[in-house]
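Okay, data28.cif is below, mmCIF, C-alpha atoms:
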```
data_start
#
loop_
_atom_site.label_atom_id
_atom_site.label_comp_id
_atom_site.auth_asym_id
_atom_site.auth_seq_id
_atom_site.Cartn_x
_atom_site.Cartn_y
_atom_site.Cartn_z
CA MET A 20 65.26 105.55 109.67
CA ASP A 21 65.33 108.94 107.92
CA ASP A 22 68.77 108.08 106.51
CA ALA A 23 67.42 104.84 105.05
CA PHE A 24 64.52 106.58 103.32
CA ARG A 25 66.85 109.26 101.95
CA PHE A 26 69.09 106.65 100.34
CA ALA A 27 66.28 104.36 99.14
CA ASP A 28 66.00 103.67 95.41
CA GLU A 29 65.10 100.82 93.06
CA LEU A 30 68.03 98.71 94.34
CA GLY A 31 67.40 98.99 98.07
CA PRO A 32 67.95 98.91 100.94
CA ALA A 33 65.91 95.77 101.58
CA LYS A 34 66.37 95.93 105.36
CA VAL A 35 67.78 98.31 107.94
CA ILE A 36 68.06 96.84 111.42
CA HIS A 37 69.22 98.71 114.51
CA VAL A 38 70.59 96.55 117.33
CA HIS A 39 70.77 97.80 120.92
CA ASP A 40 71.60 95.79 124.01
CA PRO A 41 72.23 98.11 126.98
CA VAL A 42 73.31 95.22 129.19
CA ILE A 43 76.51 94.65 127.22
CA GLY A 44 76.71 98.12 125.62
CA LEU A 45 75.92 96.88 122.11
CA LYS A 46 74.96 99.48 119.51
CA ALA A 47 75.00 98.37 115.89
CA VAL A 48 73.29 98.69 112.53
CA LEU A 49 72.81 96.10 109.79
CA VAL A 50 71.90 97.09 106.24
CA VAL A 51 70.87 94.40 103.78
CA ASP A 52 70.96 96.43 100.60
CA ASN A 53 70.04 94.00 97.84
CA VAL A 54 69.60 90.23 97.56
CA ALA A 55 68.66 89.87 93.87
CA ALA A 56 71.81 87.84 93.14
CA GLY A 57 71.78 85.89 96.40
CA PRO A 58 72.21 86.42 100.15
CA SER A 59 74.02 89.62 101.01
CA ILE A 60 77.63 89.51 102.10
CA GLY A 61 79.73 92.26 103.66
CA GLY A 62 82.01 92.99 106.56
CA VAL A 63 81.37 94.10 110.12
CA ARG A 64 83.01 97.49 110.65
CA MET A 65 83.86 98.51 114.22
CA ALA A 66 84.69 102.11 115.13
CA PRO A 67 83.59 104.69 117.73
CA ASP A 68 81.91 106.94 115.14
CA VAL A 69 80.03 104.58 112.82
CA SER A 70 76.57 105.64 111.67
CA THR A 71 73.50 104.42 109.82
CA GLU A 72 74.39 106.61 106.85
CA GLU A 73 77.88 105.10 106.66
CA CYS A 74 76.40 101.60 106.81
CA LEU A 75 73.96 102.39 104.00
CA ARG A 76 76.74 103.65 101.75
CA LEU A 77 78.99 100.68 102.50
CA ALA A 78 76.20 98.18 101.88
CA ARG A 79 75.46 99.74 98.49
CA ALA A 80 79.14 99.58 97.61
CA MET A 81 79.07 95.85 98.41
CA THR A 82 76.05 95.37 96.15
CA LEU A 83 77.91 96.96 93.25
CA LYS A 84 81.24 95.24 93.94
CA ASN A 85 79.69 91.78 94.25
CA ALA A 86 77.72 92.33 91.05
CA ALA A 87 80.82 93.55 89.20
CA ALA A 88 82.71 90.46 90.36
CA GLY A 89 79.91 88.19 89.16
CA LEU A 90 79.32 86.73 92.62
CA ALA A 91 76.04 85.07 93.59
CA HIS A 92 75.69 87.51 96.48
CA GLY A 93 73.99 90.77 97.16
CA GLY A 94 75.41 93.57 99.24
CA GLY A 95 75.17 94.08 102.99
CA LYS A 96 77.10 95.68 105.81
CA ALA A 97 77.08 95.87 109.58
CA VAL A 98 78.60 98.61 111.72
CA LEU A 99 79.32 98.21 115.41
CA ARG A 100 79.99 101.21 117.64
CA GLY A 101 83.07 100.78 119.82
CA ASP A 102 86.83 101.06 120.03
CA PRO A 103 88.35 98.11 118.12
CA LYS A 104 91.33 98.25 120.50
CA MET A 105 89.17 97.60 123.57
CA PRO A 106 90.13 94.63 125.79
CA LEU A 107 89.67 91.41 123.83
CA ALA A 108 87.12 89.96 126.26
CA GLU A 109 84.87 93.02 125.86
CA LYS A 110 85.21 92.94 122.09
CA GLU A 111 84.33 89.26 121.99
CA LYS A 112 81.21 89.93 124.06
CA LEU A 113 80.03 92.59 121.60
CA ILE A 114 80.76 90.52 118.49
CA ARG A 115 79.03 87.45 119.90
CA GLY A 116 76.12 89.61 121.02
CA LEU A 117 75.74 91.08 117.54
CA ALA A 118 75.86 87.63 115.97
CA CYS A 119 73.16 86.33 118.30
CA ALA A 120 70.98 89.39 117.69
CA LEU A 121 71.15 88.78 113.93
CA ARG A 122 70.92 85.00 114.09
CA ASP A 123 67.62 84.88 112.21
CA ILE A 124 68.62 87.31 109.44
CA LYS A 125 69.57 84.56 107.02
CA ASP A 126 70.04 86.90 104.04
CA TYR A 127 73.19 88.43 105.58
CA ILE A 128 76.56 86.67 105.88
CA PHE A 129 79.14 88.14 108.25
CA GLY A 130 82.67 89.01 107.13
CA PRO A 131 85.64 90.98 108.54
CA ASP A 132 86.17 94.68 107.91
CA MET A 133 87.91 97.63 109.51
CA GLY A 134 88.20 96.96 113.24
CA THR A 135 87.35 93.26 112.99
CA ASP A 136 89.39 90.27 111.86
CA GLU A 137 89.47 86.51 111.43
CA SER A 138 89.20 85.90 115.18
CA CYS A 139 86.00 87.95 115.27
CA MET A 140 84.56 85.85 112.46
CA ALA A 141 85.46 82.70 114.39
CA TRP A 142 83.31 83.99 117.28
CA VAL A 143 80.43 84.62 114.84
CA LYS A 144 80.86 81.16 113.31
CA ASP A 145 80.79 79.64 116.78
CA GLU A 146 77.54 81.43 117.64
CA ILE A 147 75.49 81.12 114.44
CA GLY A 148 77.58 79.19 111.90
CA ARG A 149 77.35 81.94 109.27
CA ALA A 150 80.59 83.82 108.55
CA VAL A 151 83.40 84.11 106.02
CA GLY A 152 86.97 85.35 106.44
CA LEU A 153 87.71 82.64 108.99
CA PRO A 154 91.06 81.65 110.52
CA ARG A 155 93.09 78.95 108.83
CA GLU A 156 92.57 76.64 111.82
CA ILE A 157 88.86 76.30 111.09
CA GLY A 158 89.06 76.11 107.32
CA GLY A 159 89.47 79.74 106.31
CA ILE A 160 92.09 81.43 104.14
CA PRO A 161 94.42 83.75 106.15
CA LEU A 162 93.60 86.83 104.08
CA ASP A 163 95.23 89.29 106.50
CA GLN A 164 98.42 87.25 106.62
CA LEU A 165 98.54 86.95 102.82
CA GLY A 166 97.66 90.61 102.36
CA ALA A 167 94.84 90.02 99.88
CA THR A 168 93.34 93.52 100.18
CA GLY A 169 96.76 95.15 99.95
CA TRP A 170 97.44 93.11 96.81
CA GLY A 171 94.26 94.51 95.29
CA ILE A 172 95.26 98.07 96.16
CA ALA A 173 98.69 97.62 94.57
CA ASN A 174 97.12 96.38 91.35
CA ILE A 175 94.64 99.25 91.32
CA ALA A 176 97.55 101.67 91.74
CA GLU A 177 99.41 100.03 88.86
CA GLU A 178 96.40 100.41 86.59
CA ALA A 179 95.79 104.02 87.72
CA ALA A 180 99.44 104.90 87.08
CA ARG A 181 99.06 103.68 83.50
CA TYR A 182 96.08 105.97 82.96
CA CYS A 183 97.83 108.86 84.72
CA LYS A 184 100.82 108.31 82.44
CA PHE A 185 103.62 107.83 84.94
CA PRO A 186 105.70 104.72 85.65
CA LEU A 187 105.10 102.84 88.88
CA ALA A 188 108.81 102.08 89.11
CA GLY A 189 110.30 104.89 91.16
CA ALA A 190 106.92 106.36 92.10
CA ARG A 191 106.79 107.67 95.66
CA VAL A 192 104.06 106.24 97.88
CA ALA A 193 102.53 107.55 101.11
CA ILE A 194 100.13 105.34 103.05
CA GLN A 195 97.62 106.58 105.61
CA GLY A 196 96.61 103.74 107.90
CA TYR A 197 99.70 101.54 108.03
CA GLY A 198 98.02 98.46 109.46
CA ALA A 199 96.72 95.10 108.27
CA VAL A 200 95.96 96.44 104.79
CA GLY A 201 98.37 99.36 104.39
CA ARG A 202 101.51 97.43 105.23
CA HIS A 203 100.76 94.80 102.59
CA ALA A 204 99.86 97.45 100.02
CA ALA A 205 103.30 98.98 100.65
CA ARG A 206 104.98 95.59 100.26
CA PHE A 207 103.32 94.81 96.94
CA LEU A 208 103.89 98.33 95.57
CA ILE A 209 107.58 98.12 96.49
CA GLU A 210 107.78 94.80 94.64
CA LYS A 211 106.51 96.70 91.60
CA GLY A 212 109.30 99.27 91.98
CA ALA A 213 107.59 102.01 93.99
CA VAL A 214 109.30 103.75 96.93
CA LEU A 215 107.59 104.10 100.30
CA VAL A 216 108.26 107.67 101.53
CA GLY A 217 105.47 108.09 104.08
CA ALA A 218 103.59 105.85 106.49
CA ALA A 219 101.03 106.92 109.09
CA ASP A 220 99.06 105.18 111.82
CA SER A 221 97.04 106.44 114.77
CA SER A 222 100.22 107.63 116.54
CA GLY A 223 101.75 109.77 113.80
CA THR A 224 103.57 109.85 110.48
CA LEU A 225 107.00 108.56 109.48
CA HIS A 226 108.57 110.38 106.54
CA ASP A 227 111.75 109.65 104.63
CA PRO A 228 112.08 111.00 101.06
CA GLN A 229 114.89 108.49 100.42
CA GLY A 230 112.62 105.55 101.19
CA ILE A 231 111.35 103.69 104.26
CA ASP A 232 112.37 100.12 105.00
CA ALA A 233 108.95 98.41 104.81
CA GLU A 234 110.23 95.08 106.16
CA LYS A 235 111.64 96.79 109.25
CA LEU A 236 108.40 98.68 109.72
CA ALA A 237 106.42 95.44 109.41
CA ARG A 238 108.46 93.87 112.22
CA ILE A 239 107.77 96.88 114.43
CA LYS A 240 104.03 96.60 113.76
CA ASP A 241 104.12 92.84 114.43
CA GLU A 242 105.49 93.62 117.88
CA GLY A 243 102.61 96.01 118.58
CA GLY A 244 104.58 99.18 117.87
CA SER A 245 103.85 102.31 115.89
CA VAL A 246 105.48 103.74 112.79
CA LEU A 247 107.00 106.32 115.14
CA ASP A 248 109.00 103.57 116.84
CA SER A 249 111.21 103.31 113.77
CA SER A 250 114.66 104.85 114.10
CA ASP A 251 114.59 105.91 110.46
CA GLY A 252 113.17 109.04 108.90
CA GLU A 253 111.40 112.05 110.36
CA ARG A 254 108.54 111.79 112.85
CA LEU A 255 105.55 114.01 112.13
CA GLY A 256 101.97 114.48 113.27
CA ARG A 257 99.29 111.97 112.33
CA ASP A 258 97.73 114.09 109.57
CA ALA A 259 101.06 115.22 108.10
CA VAL A 260 100.96 112.25 105.73
CA ILE A 261 98.44 114.19 103.63
CA ASP A 262 101.08 116.79 102.69
CA ILE A 263 103.96 114.44 101.82
CA ASP A 264 105.18 114.86 98.24
CA CYS A 265 104.40 111.67 96.35
CA GLU A 266 102.95 110.27 93.17
CA ILE A 267 100.64 107.78 94.92
CA PRO A 268 98.99 109.60 97.82
CA PRO A 269 96.68 108.54 100.64
CA ARG A 270 92.90 108.86 100.42
CA GLY A 271 92.83 109.66 96.70
CA ARG A 272 94.44 113.09 97.21
CA THR A 273 95.39 114.94 94.04
CA CYS A 274 99.09 114.31 93.60
CA LEU A 275 101.98 116.03 91.88
CA MET A 276 101.53 117.57 88.44
CA ASN A 277 97.73 117.24 88.81
CA ARG A 278 97.94 113.47 88.48
CA THR A 279 95.30 111.59 90.46
CA SER A 280 95.69 108.22 92.11
CA ALA A 281 93.03 105.68 93.01
CA VAL A 282 94.83 104.71 96.22
#
```

Can you dump the structure from the file as structure tokens?
Amino acid sequence: MDDAFRFADELGPAKVIHVHDPVIGLKAVLVVDNVAAGPSIGGVRMAPDVSTEECLRLARAMTLKNAAAGLAHGGGKAVLRGDPKMPLAEKEKLIRGLACALRDIKDYIFGPDMGTDESCMAWVKDEIGRAVGLPREIGGIPLDQLGATGWGIANIAEEAARYCKFPLAGARVAIQGYGAVGRHAARFLIEKGAVLVGAADSSGTLHDPQGIDAEKLARIKDEGGSVLDSSDGERLGRDAVIDIDCEIPPRGRTCLMNRTSAV
């Protein structure tokens, strides 16, 4: 709870709930940051190294984003400790367990985030009937398939490029985390004229200064492969993507000629 008190201010957090079920190995944290505009909404993040502090920061970000978007929702977030690539049956058990543990917290609405997806939200919906980001089959919009988050990133990059005074057409892009979001961000940026020169996932980095075929890479990822399974370009270590020359870099790194990108 020390983290919660350290981050407390006039906005929140309203609630910090730690969830532990040793029978199924469930360790999670929920932060309901602020509900002034309505029930809090925010994704469930799953990773081996999540923490209360991370959850507090993410929940506050959701409060500010929802307010900026004019939504009738406050900000919240849940983090679940575990490997998102664990066997599906084990993952389902943890997600359902978390949903049941938070069944009575009516001022938080579950959504997908890093390490969780539409299928996870379907499990939550089945348990407690309170989730967004659902599969198409049960009335949701297939956000991952459409690439909604990647579309947002591409538009942010376009706006940042205008402020940084360089054209997006021809700009070189490197993406760290070439998965459900990164691949779509690459696709939309390429449609705007950018050139994908670097792509990294948990296995390594693919680099080609002449440009990477994003459609080919997408097919490889669809088949469960890695960027390193591509026959194009140079294969490098996972963190090498940070040093690739580009105008639009990963993780907000300062790019060439002291221009800074929001991507």

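Take the PyMOL selection byres ((chain A and resi 196) around 10) and apply it to this file: it picks Ala193, Ile194, Gln195, Tyr197, Gly198, Ala199, Val200, Gly201, Arg202, Ala218, Ala219, Asp220, Ser221, Gly223, Thr224, Arg257, Val260, Pro269 and Arg270 of chain A.
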
Write the residues you've just listed into a file as a PDB file, keeping the file's coordinate frame, and include C-alpha atoms for each of them.
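File produced: again.pdb:
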```
ATOM      1  CA  ALA A 193     102.530 107.550 101.110  1.00  0.00           C
ATOM      2  CA  ILE A 194     100.130 105.340 103.050  1.00  0.00           C
ATOM      3  CA  GLN A 195      97.620 106.580 105.610  1.00  0.00           C
ATOM      4  CA  TYR A 197      99.700 101.540 108.030  1.00  0.00           C
ATOM      5  CA  GLY A 198      98.020  98.460 109.460  1.00  0.00           C
ATOM      6  CA  ALA A 199      96.720  95.100 108.270  1.00  0.00           C
ATOM      7  CA  VAL A 200      95.960  96.440 104.790  1.00  0.00           C
ATOM      8  CA  GLY A 201      98.370  99.360 104.390  1.00  0.00           C
ATOM      9  CA  ARG A 202     101.510  97.430 105.230  1.00  0.00           C
ATOM     10  CA  ALA A 218     103.590 105.850 106.490  1.00  0.00           C
ATOM     11  CA  ALA A 219     101.030 106.920 109.090  1.00  0.00           C
ATOM     12  CA  ASP A 220      99.060 105.180 111.820  1.00  0.00           C
ATOM     13  CA  SER A 221      97.040 106.440 114.770  1.00  0.00           C
ATOM     14  CA  GLY A 223     101.750 109.770 113.800  1.00  0.00           C
ATOM     15  CA  THR A 224     103.570 109.850 110.480  1.00  0.00           C
ATOM     16  CA  ARG A 257      99.290 111.970 112.330  1.00  0.00           C
ATOM     17  CA  VAL A 260     100.960 112.250 105.730  1.00  0.00           C
ATOM     18  CA  PRO A 269      96.680 108.540 100.640  1.00  0.00           C
ATOM     19  CA  ARG A 270      92.900 108.860 100.420  1.00  0.00           C
TER      20      ARG A 270
END
```

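Nearest-residue note for A:Gly61: choosing from A:Val246, A:Ala179, A:Ile43, A:Met140, the minimum distance belongs to A:Met140, counting all atoms listed in the file.
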
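Atom pair atom CA of A:Leu90 / atom CA of A:Leu165: separated by 21.8 Å.
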
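Each of A:Ala78, A:Ala205, A:Ile128, A:Ile175 was checked against A:Gly152 using all atoms listed in the file; the smallest atom-to-atom distance is that of A:Ile128.
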
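Only residues having an atom at most 12 Å from (104.9, 114.5, 118.3) are included; using only C-alpha atoms, these are A:Ser221, A:Ser222, A:Gly223, A:Thr224, A:Leu225, A:Leu247, A:Asp248, A:Glu253, A:Arg254, A:Leu255, A:Gly256, A:Arg257, A:Asp258, A:Ala259.
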
Dump of C-alpha atoms for the selected residues, as a PDB file, keeping the file's coordinate frame:
```pdb
ATOM      1  CA  SER A 221      97.040 106.440 114.770  1.00  0.00           C
ATOM      2  CA  SER A 222     100.220 107.630 116.540  1.00  0.00           C
ATOM      3  CA  GLY A 223     101.750 109.770 113.800  1.00  0.00           C
ATOM      4  CA  THR A 224     103.570 109.850 110.480  1.00  0.00           C
ATOM      5  CA  LEU A 225     107.000 108.560 109.480  1.00  0.00           C
ATOM      6  CA  LEU A 247     107.000 106.320 115.140  1.00  0.00           C
ATOM      7  CA  ASP A 248     109.000 103.570 116.840  1.00  0.00           C
ATOM      8  CA  GLU A 253     111.400 112.050 110.360  1.00  0.00           C
ATOM      9  CA  ARG A 254     108.540 111.790 112.850  1.00  0.00           C
ATOM     10  CA  LEU A 255     105.550 114.010 112.130  1.00  0.00           C
ATOM     11  CA  GLY A 256     101.970 114.480 113.270  1.00  0.00           C
ATOM     12  CA  ARG A 257      99.290 111.970 112.330  1.00  0.00           C
ATOM     13  CA  ASP A 258      97.730 114.090 109.570  1.00  0.00           C
ATOM     14  CA  ALA A 259     101.060 115.220 108.100  1.00  0.00           C
TER      15      ALA A 259
END
```

Practice problem: Taking the file as shown, find all residues satisfying the PyMOL selection byres ((chain A and resi 29-42) around 8) and write them as a list in words. | Solution: Met20, Ala23, Phe26, Ala27, Asp28, Ile43, Gly44, Leu45, Lys46, Ala47, Val48, Leu49, Val50, Val51, Asp52, Asn53, Val54, Leu75, Arg79, Leu117 and Ala120 of chain A

Take the residues from that selection and put them in a file with C-alpha atoms, as a PDB file, in the frame of the given file.
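Output file part-v3.pdb follows:
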```
ATOM      1  CA  MET A  20      65.260 105.550 109.670  1.00  0.00           C
ATOM      2  CA  ALA A  23      67.420 104.840 105.050  1.00  0.00           C
ATOM      3  CA  PHE A  26      69.090 106.650 100.340  1.00  0.00           C
ATOM      4  CA  ALA A  27      66.280 104.360  99.140  1.00  0.00           C
ATOM      5  CA  ASP A  28      66.000 103.670  95.410  1.00  0.00           C
ATOM      6  CA  ILE A  43      76.510  94.650 127.220  1.00  0.00           C
ATOM      7  CA  GLY A  44      76.710  98.120 125.620  1.00  0.00           C
ATOM      8  CA  LEU A  45      75.920  96.880 122.110  1.00  0.00           C
ATOM      9  CA  LYS A  46      74.960  99.480 119.510  1.00  0.00           C
ATOM     10  CA  ALA A  47      75.000  98.370 115.890  1.00  0.00           C
ATOM     11  CA  VAL A  48      73.290  98.690 112.530  1.00  0.00           C
ATOM     12  CA  LEU A  49      72.810  96.100 109.790  1.00  0.00           C
ATOM     13  CA  VAL A  50      71.900  97.090 106.240  1.00  0.00           C
ATOM     14  CA  VAL A  51      70.870  94.400 103.780  1.00  0.00           C
ATOM     15  CA  ASP A  52      70.960  96.430 100.600  1.00  0.00           C
ATOM     16  CA  ASN A  53      70.040  94.000  97.840  1.00  0.00           C
ATOM     17  CA  VAL A  54      69.600  90.230  97.560  1.00  0.00           C
ATOM     18  CA  LEU A  75      73.960 102.390 104.000  1.00  0.00           C
ATOM     19  CA  ARG A  79      75.460  99.740  98.490  1.00  0.00           C
ATOM     20  CA  LEU A 117      75.740  91.080 117.540  1.00  0.00           C
ATOM     21  CA  ALA A 120      70.980  89.390 117.690  1.00  0.00           C
TER      22      ALA A 120
END
```
